[in-house]
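Asker: Before I ask anything, let me first share the structure, which is written out below as structure tokens.
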Amino acid sequence: MSDEVVLKTRDLTKHYGGVHALQGANFEIKKGEHIAIMGDNGAGKSTFVRQITGVEQRTRGDVWLYGEEVNFAGPLDAREAGIETVFQTLALADDLDVPDNLFLGREMTFWNWLGPFRFLDYKGMRKATIEGLEKTAVKIPNIRNSIRNMSGGQRQCVAIARTATFHSRLTIMDEPTAALGVQETAQVENIIRTLKEAGEPLILVSHNMRQVMDLVDRIVVFRRGRICANLRTEDTNGQDVVAYITGAKTQEGYEDAA
Amino acid sequence: MSDTSHGTGGLTFDKSKRSWPNEMNVLFALIIIIVVFEILGQALPYMKDQSFLFDTRGRFDSIFNEARLKIIILQVAIIGIIALGVTQVIITAGIDLSSGPLVAATAMIAMSFGQTELVNGNPNPKAIFGPWAMDLPVIFPVVIGLTFGAAIGAINGTFVAYFRIPPFIATLGMFLICRGIALWWSAGRPVSFPTESYKFIGSGMMPVVWFLSLAVLFHVILRYTIYGKHTYAIGSNEEAARMSGINVRRHKVMVYMIASMLAAFAGVVLSAKASTAQAGMGEFYELFAIAMAVIGGISLTGGRGSIIGTVLGAMVLGVIRSGFTFIKLDGSYQLMAMGSIIIAAVILDQYRQRSRA
């Protein structure tokens with residue numbers, strides 16, 4: 001794990017009118033680190049993710065990606081800067097196959113002068129898909145099978161494989177296994193371990209304590225819109241984290257959390 | 001080939017689900033219907049052993065009754081052009097009910113710019129405009145017709161995509177508006193006597209030429225271009241398409257514009273073929289076009305289907321129409337039969353979908 005800072009936020013704040021959904025978030029993730037964001041409902045986790053992925057515009061605060069200050073006008077900008085997000089409800093089209101889904105919105109094409117009628121480079125996309133799947137150790141016997149015929153875990157793995165195909169610089173996963181069964185969750189967690197071995201940074205939003213304790217290096221706890229704890233996994237346990245989430249405990253230095 | 005669980009979990013790949021494209025079913029249906037009419041030709045006493053498809057009297061070089069084949073496809077070519085556009089709209093999980101009246105309105109408008117000044121030496125009794133609009137190069141009425149279609153399509157698309165009006169309602173409203181435009185254009189009088197070059201567009205087998213060339217073009221577009229891929233993506237999961245950065249709203253407007261332009265072109269071809277344009281033309285065309293698509297395996301929920309299916313669906317309708325004429329059965333039975341087949345096609349499609357899941 002190097003010391004290079006991948007993403008840093010300072011005083012990140014988001015108000016929805018009178019509602020202070022996120023207040024003064026100071027966050028940092030280094031290359032190769034896996035950090036879990038935890039907190040109760042309404043604590044500000046999803047709001048935080050939305051600000052850093054450009055889905056919404058922040059009210060106040062600064063964000064740096066690999067040392068450069070960034071201001072994403074929309075989710076596409078974040079994607080282009082190398083931030084890939086995997087959502088709980090998948091952004092996959094059922095009737096399309098794996099390469100189609102992987103490249104949705106950024107297809108490889110030729111004869112680009114044809115504009116919207118430019119031709120798809122199927123061969124190139126298939127090749128890149130297989131490379132991406134291999135990198136994330138996702139096993140799919142036939143990538144031309146439509147997504148509809150795949151299990152939930154397989155589909156989530158396809159969504160994660162996007163991060164490898166597009167050389168993302170930071171992966172964010174928002175409750176990736178919330179809708180999955182036990183075996184499928186194990187599938188996805190294996191892929192996450194592959195990312196860790198490859199030294200890819202990851203921000204994981206999760207409610208699953210067992211998963212968090214198994215997978216990540218650090219746990220950042222949100223409460224009532226503020227960060228109230230920044231813990232190393234090895235220094236803590238499930239009960240401890242729950243105490244931070246509910247407010248029974250607050251870490252030193254984070255006393256201004258509600 | 002079955003890949004059972006090993007570490008990262010396995011995907012059991014059911015080969016049978018892949019190797020049977022929907023279009024094969026339509027082809028089978030087509031063959032079955034032809035066989036049925038063939039049998040009826042032999043079995044029905046008043047038919048006196050006529051063959052539906054084959055050339056039993058040695059009139060043609062091939063074994064097929066070429067005259068009948070030509071009529072089959074000619075009858076459905078014009079509506080087939082409309083169906084090519086409606087197919088794309090349905091793939092985006094939308095619908096377009098305005099095609100029929102659009103055909104009529106475009107026919108009226110385009111023909112008005114395609115008229116010839118002198119008819120048998122006398123001035124054109126059905127002239128809409130003055131001499132400045134007479135004997136124009138055929139490109140004028142065609143472009144004007146297509147532009148009108150594009151405008152209507154843009155309005156449809158804007159209502160559906162930007163104002164989020166359900167496609168059924170938006171295009172139903174346009175259905176009525178276009179019928180009104182067709183009636184208003186020349187106060188109900190037909191527009192007639194086109195130039196020779198205008199007539200050529202719809203002459204002989206030209207409608208079939210247009211239909212098949214456009215079918216090939218759009219098959220390529222839907223399968224091999226960005227526009228096609230995004231069309232399927234939007235129909236399959238609009239939210240996913242949006243999150244992937246596709247401009248869904250602009251794309252939908254494009255799709256509706258293309259559909260309306262195809263319907264407009266069908267109007268030009270129809271009026272060229274008939275050498276006249278009347279406000280009442282195109283009755284039921286939108287429904288037949290949708291029927292062709294549905295029979296051809298296009299799913300009304302979007303995301304699935306192909307141009308090949310639509311062409312086969314058009315052939316099915318053509319064969320039915322021709323077949324009923326062949327066994328000299330009343331036209332009213334035709335409508336009942338077509339309606340039943342459409343329902344059967346949708347039931348089959350739903351059954352297939354459920355057995356996949």
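Scheme for the structure tokens: letters A, B, ... for chains in order shown; per-chain residue numbers from 1; ligand numbers from 1 in order shown.
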Give me, as JSON, numbers by chain, the contact residues of chain B against chain A at a cut-off of 6 Å, counting only C-alpha atoms.
Answerer: {"B": [8, 224, 225, 226, 227, 233, 236, 237, 240, 244, 245, 246]}
Asker: Which residues, written as a list in words, have at least one atom at most 12 Å from Thr9 of chain A, with only C-alpha atoms counted and residues fewer than 4 positions away on the same chain left out?
Answerer: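 Residues near the query, excluding close chain neighbours: Val5, Thr13, Gln23, Gly24, Ala25, Asn26, Phe27, Glu28, Ile29, Phe48, Val49, Gln51, Ile52, Arg58, Arg60, Gly61, Asp62, Val63, Trp64, Leu65, Tyr66, Gly67, Glu68, Glu69, Val70, Asn71 and Ile227 of chain A.
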Asker: As JSON, numbers by chain, please: all residues of segment 123-311 of chain B that backbone DSSP puts in strand (DSSP E or B).
Answerer: {"B": [123, 191, 192, 194, 225, 276, 277]}
Asker: Using DSSP on the backbone coordinates, identify all residues within segment 148-333 of chain B classified as alpha helix (DSSP H); present the result as a ChimeraX atom specification.
Answerer: /B:148-161,167-185,196-201,206-224,226-236,238-243,248-274,285-295,307-326,331-333
Asker: Of the residues A:Lys249, A:Arg162, A:Lys45, A:Lys196, which is the one nearest to Val86 of chain A, using only C-alpha atoms?
Answerer: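 Ranking A:Lys249, A:Arg162, A:Lys45, A:Lys196 by distance to Val86 of chain A, first place goes to A:Arg162.
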Asker: Skipping near chain neighbours, those fewer than 4 positions away, what residues fall within 8 Å of Phe222 of chain A using only C-alpha atoms, listed as a PyMOL selection string?
Answerer: chain A and resi 37-40+43-45+226-229+245
Asker: Using only C-alpha atoms, find the one residue out of B:Tyr198, B:Trp184, B:Phe52, B:Phe37 that sits nearest to Phe113 of chain B.
Answerer: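 Comparing B:Tyr198, B:Trp184, B:Phe52, B:Phe37 against Phe113 of chain B, the winner is B:Tyr198.
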Asker: Against segment 139-162 of chain B, which residues of segment 191-298 of chain B fall within 8 Å? For each one I want the closest pair of atoms and the distance in Å (one decimal), counting only C-alpha atoms, rows by chain and increasing residue number, as CSV.
Answerer:
```
residue,atom,partner,partner_atom,distance
B:Val248,CA,B:Ala161,CA,7.8
B:Arg249,CA,B:Ala161,CA,4.9
B:Arg250,CA,B:Ala161,CA,7.6
B:Lys252,CA,B:Gly157,CA,5.9
B:Val253,CA,B:Gly157,CA,4.0
B:Met254,CA,B:Gly157,CA,7.3
B:Val255,CA,B:Gly157,CA,7.5
B:Tyr256,CA,B:Gly153,CA,4.9
B:Met257,CA,B:Gly153,CA,3.9
B:Ile258,CA,B:Ala150,CA,7.0
B:Ala259,CA,B:Gly153,CA,7.0
B:Ser260,CA,B:Gly153,CA,4.9
B:Met261,CA,B:Gly149,CA,4.5
B:Leu262,CA,B:Gly149,CA,7.7
B:Ala263,CA,B:Gly149,CA,7.2
B:Ala264,CA,B:Gly149,CA,5.1
B:Phe265,CA,B:Leu146,CA,6.3
B:Val268,CA,B:Val142,CA,6.9
```
Asker: Taking only C-alpha atoms into account, name the residue in B:Ile298, B:Ile347, B:Val191, B:Ile71 that is nearest to Val89 of chain B.
Answerer: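 The answer is B:Ile298, which sits nearest to Val89 of chain B.
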Asker: For Thr250 of chain A, list every protein, DNA or RNA residue within 12 Å, evaluated using only C-alpha atoms, and leave out those in the same chain fewer than 6 positions away; present the list as a PyMOL selection string.
Answerer: chain A and resi 220-223+226-231+240-244+256-258
Asker: Report the closest atom pair, with its distance in Å rounded to one decimal, for each residue of segment 66-182 of chain B that has an atom no farther than 12 Å from segment 319-322 of chain B; count only C-alpha atoms, sort by chain and then rising residue number, and write it as CSV.
Answerer:
```
residue,atom,partner,partner_atom,distance
B:Ala67,CA,B:Ser322,CA,11.3
B:Arg68,CA,B:Ser322,CA,7.8
B:Leu69,CA,B:Val319,CA,8.7
B:Lys70,CA,B:Ser322,CA,10.4
B:Ile71,CA,B:Ser322,CA,7.6
B:Ile72,CA,B:Ser322,CA,5.9
B:Ile73,CA,B:Val319,CA,8.3
B:Leu74,CA,B:Ser322,CA,10.6
B:Gln75,CA,B:Arg321,CA,8.5
B:Val76,CA,B:Arg321,CA,9.2
```
Asker: Hey, can you spit out that residue selection with C-alpha atoms as a short mmCIF file (atom, residue, chain, number, x, y, z; two decimals), in the first residue's frame?
Answerer:
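Generated output (out_2.cif):
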```cif
data_model
loop_
_atom_site.label_atom_id
_atom_site.label_comp_id
_atom_site.auth_asym_id
_atom_site.auth_seq_id
_atom_site.Cartn_x
_atom_site.Cartn_y
_atom_site.Cartn_z
CA ALA B 67 -47.43 -13.79 -60.22
CA ARG B 68 -48.84 -14.73 -56.84
CA LEU B 69 -45.53 -14.23 -55.07
CA LYS B 70 -45.21 -10.80 -56.58
CA ILE B 71 -48.69 -9.83 -55.48
CA ILE B 72 -48.11 -11.14 -51.97
CA ILE B 73 -45.13 -8.95 -51.37
CA LEU B 74 -46.42 -5.99 -53.35
CA GLN B 75 -49.53 -5.80 -51.21
CA VAL B 76 -47.59 -5.52 -48.00
#
```
Asker: So how far away is atom CA of Arg224 of chain A from atom CA of Leu12 of chain A, in Å?
Answerer: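 Separation between atom CA of Leu12 of chain A and atom CA of Arg224 of chain A: 14.1 Å.
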Asker: What's the separation between atom CA of Ala77 of chain B and atom CA of Leu30 of chain B, in Å to one decimal place?
Answerer: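 Distance between the two atoms: 16.5 Å.
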Asker: Write out as a tab-separated table (two decimals) with N, CA and C atoms, in the first residue's frame which residues come within 10 Å of Asn25 of chain B when counting only C-alpha atoms, dropping same-chain ones fewer than 3 positions away.
Answerer:
```
chain	number	residue	atom	x	y	z
B	20	TRP	N	-32.22	-20.75	-30.61
B	20	TRP	CA	-33.55	-20.69	-31.24
B	20	TRP	C	-34.02	-19.26	-31.30
B	21	PRO	N	-33.55	-18.49	-32.29
B	21	PRO	CA	-34.01	-17.10	-32.34
B	21	PRO	C	-35.49	-17.05	-32.65
B	22	ASN	N	-36.13	-16.05	-32.17
B	22	ASN	CA	-37.56	-15.87	-32.34
B	22	ASN	C	-37.99	-15.92	-33.80
B	28	PHE	N	-41.48	-20.55	-39.38
B	28	PHE	CA	-42.32	-21.75	-39.31
B	28	PHE	C	-43.78	-21.40	-39.49
B	29	ALA	N	-44.21	-20.34	-38.81
B	29	ALA	CA	-45.60	-19.94	-38.94
B	29	ALA	C	-45.94	-19.64	-40.40
B	30	LEU	N	-45.01	-18.96	-41.05
B	30	LEU	CA	-45.22	-18.61	-42.46
B	30	LEU	C	-45.38	-19.87	-43.30
B	31	ILE	N	-44.48	-20.82	-43.07
B	31	ILE	CA	-44.53	-22.07	-43.84
B	31	ILE	C	-45.83	-22.81	-43.57
B	295	ILE	N	-46.09	-9.84	-34.90
B	295	ILE	CA	-46.01	-11.21	-35.43
B	295	ILE	C	-44.55	-11.57	-35.69
B	296	GLY	N	-43.76	-10.59	-36.05
B	296	GLY	CA	-42.36	-10.83	-36.34
B	296	GLY	C	-41.50	-10.98	-35.11
B	297	GLY	N	-42.13	-10.97	-33.94
B	297	GLY	CA	-41.37	-11.26	-32.73
B	297	GLY	C	-40.87	-10.05	-31.97
B	309	GLY	N	-37.43	-10.16	-38.41
B	309	GLY	CA	-38.73	-10.57	-37.88
B	309	GLY	C	-39.85	-9.76	-38.50
B	312	LEU	N	-40.52	-10.84	-42.01
B	312	LEU	CA	-41.27	-12.10	-41.99
B	312	LEU	C	-42.71	-11.86	-41.57
B	345	ALA	N	-49.78	-14.60	-31.69
B	345	ALA	CA	-48.35	-14.26	-31.71
B	345	ALA	C	-47.91	-13.68	-30.37
B	348	LEU	N	-47.82	-16.38	-27.71
B	348	LEU	CA	-46.62	-17.20	-27.91
B	348	LEU	C	-45.39	-16.49	-27.36
B	349	ASP	N	-45.31	-15.19	-27.63
B	349	ASP	CA	-44.17	-14.41	-27.17
B	349	ASP	C	-44.10	-14.40	-25.65
```
Asker: For Ala178 of chain A, work out the shell of residues within 9 Å, counting only C-alpha atoms and skipping chain neighbours fewer than 5 positions away, then give it as a ChimeraX atom specification.
Answerer: /A:88,185,206-208
Asker: Would you mind exporting C-alpha atoms of the selected residues as a short mmCIF file (atom, residue, chain, number, x, y, z; two decimals), in the first residue's frame?
Answerer:
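The resulting file, selection-v3.cif, is reproduced below:
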```cif
data_model
loop_
_atom_site.label_atom_id
_atom_site.label_comp_id
_atom_site.auth_asym_id
_atom_site.auth_seq_id
_atom_site.Cartn_x
_atom_site.Cartn_y
_atom_site.Cartn_z
CA GLN A 88 -26.93 -1.85 -5.82
CA THR A 185 -22.21 -12.64 -2.27
CA SER A 206 -22.08 -1.54 3.13
CA HIS A 207 -24.40 -2.44 5.97
CA ASN A 208 -22.94 -5.90 6.20
#
```
Asker: One decimal, Å: what's the distance from atom CA of Met134 of chain B over to atom CA of Ala187 of chain B, could you say?
Answerer: 19.7 Å
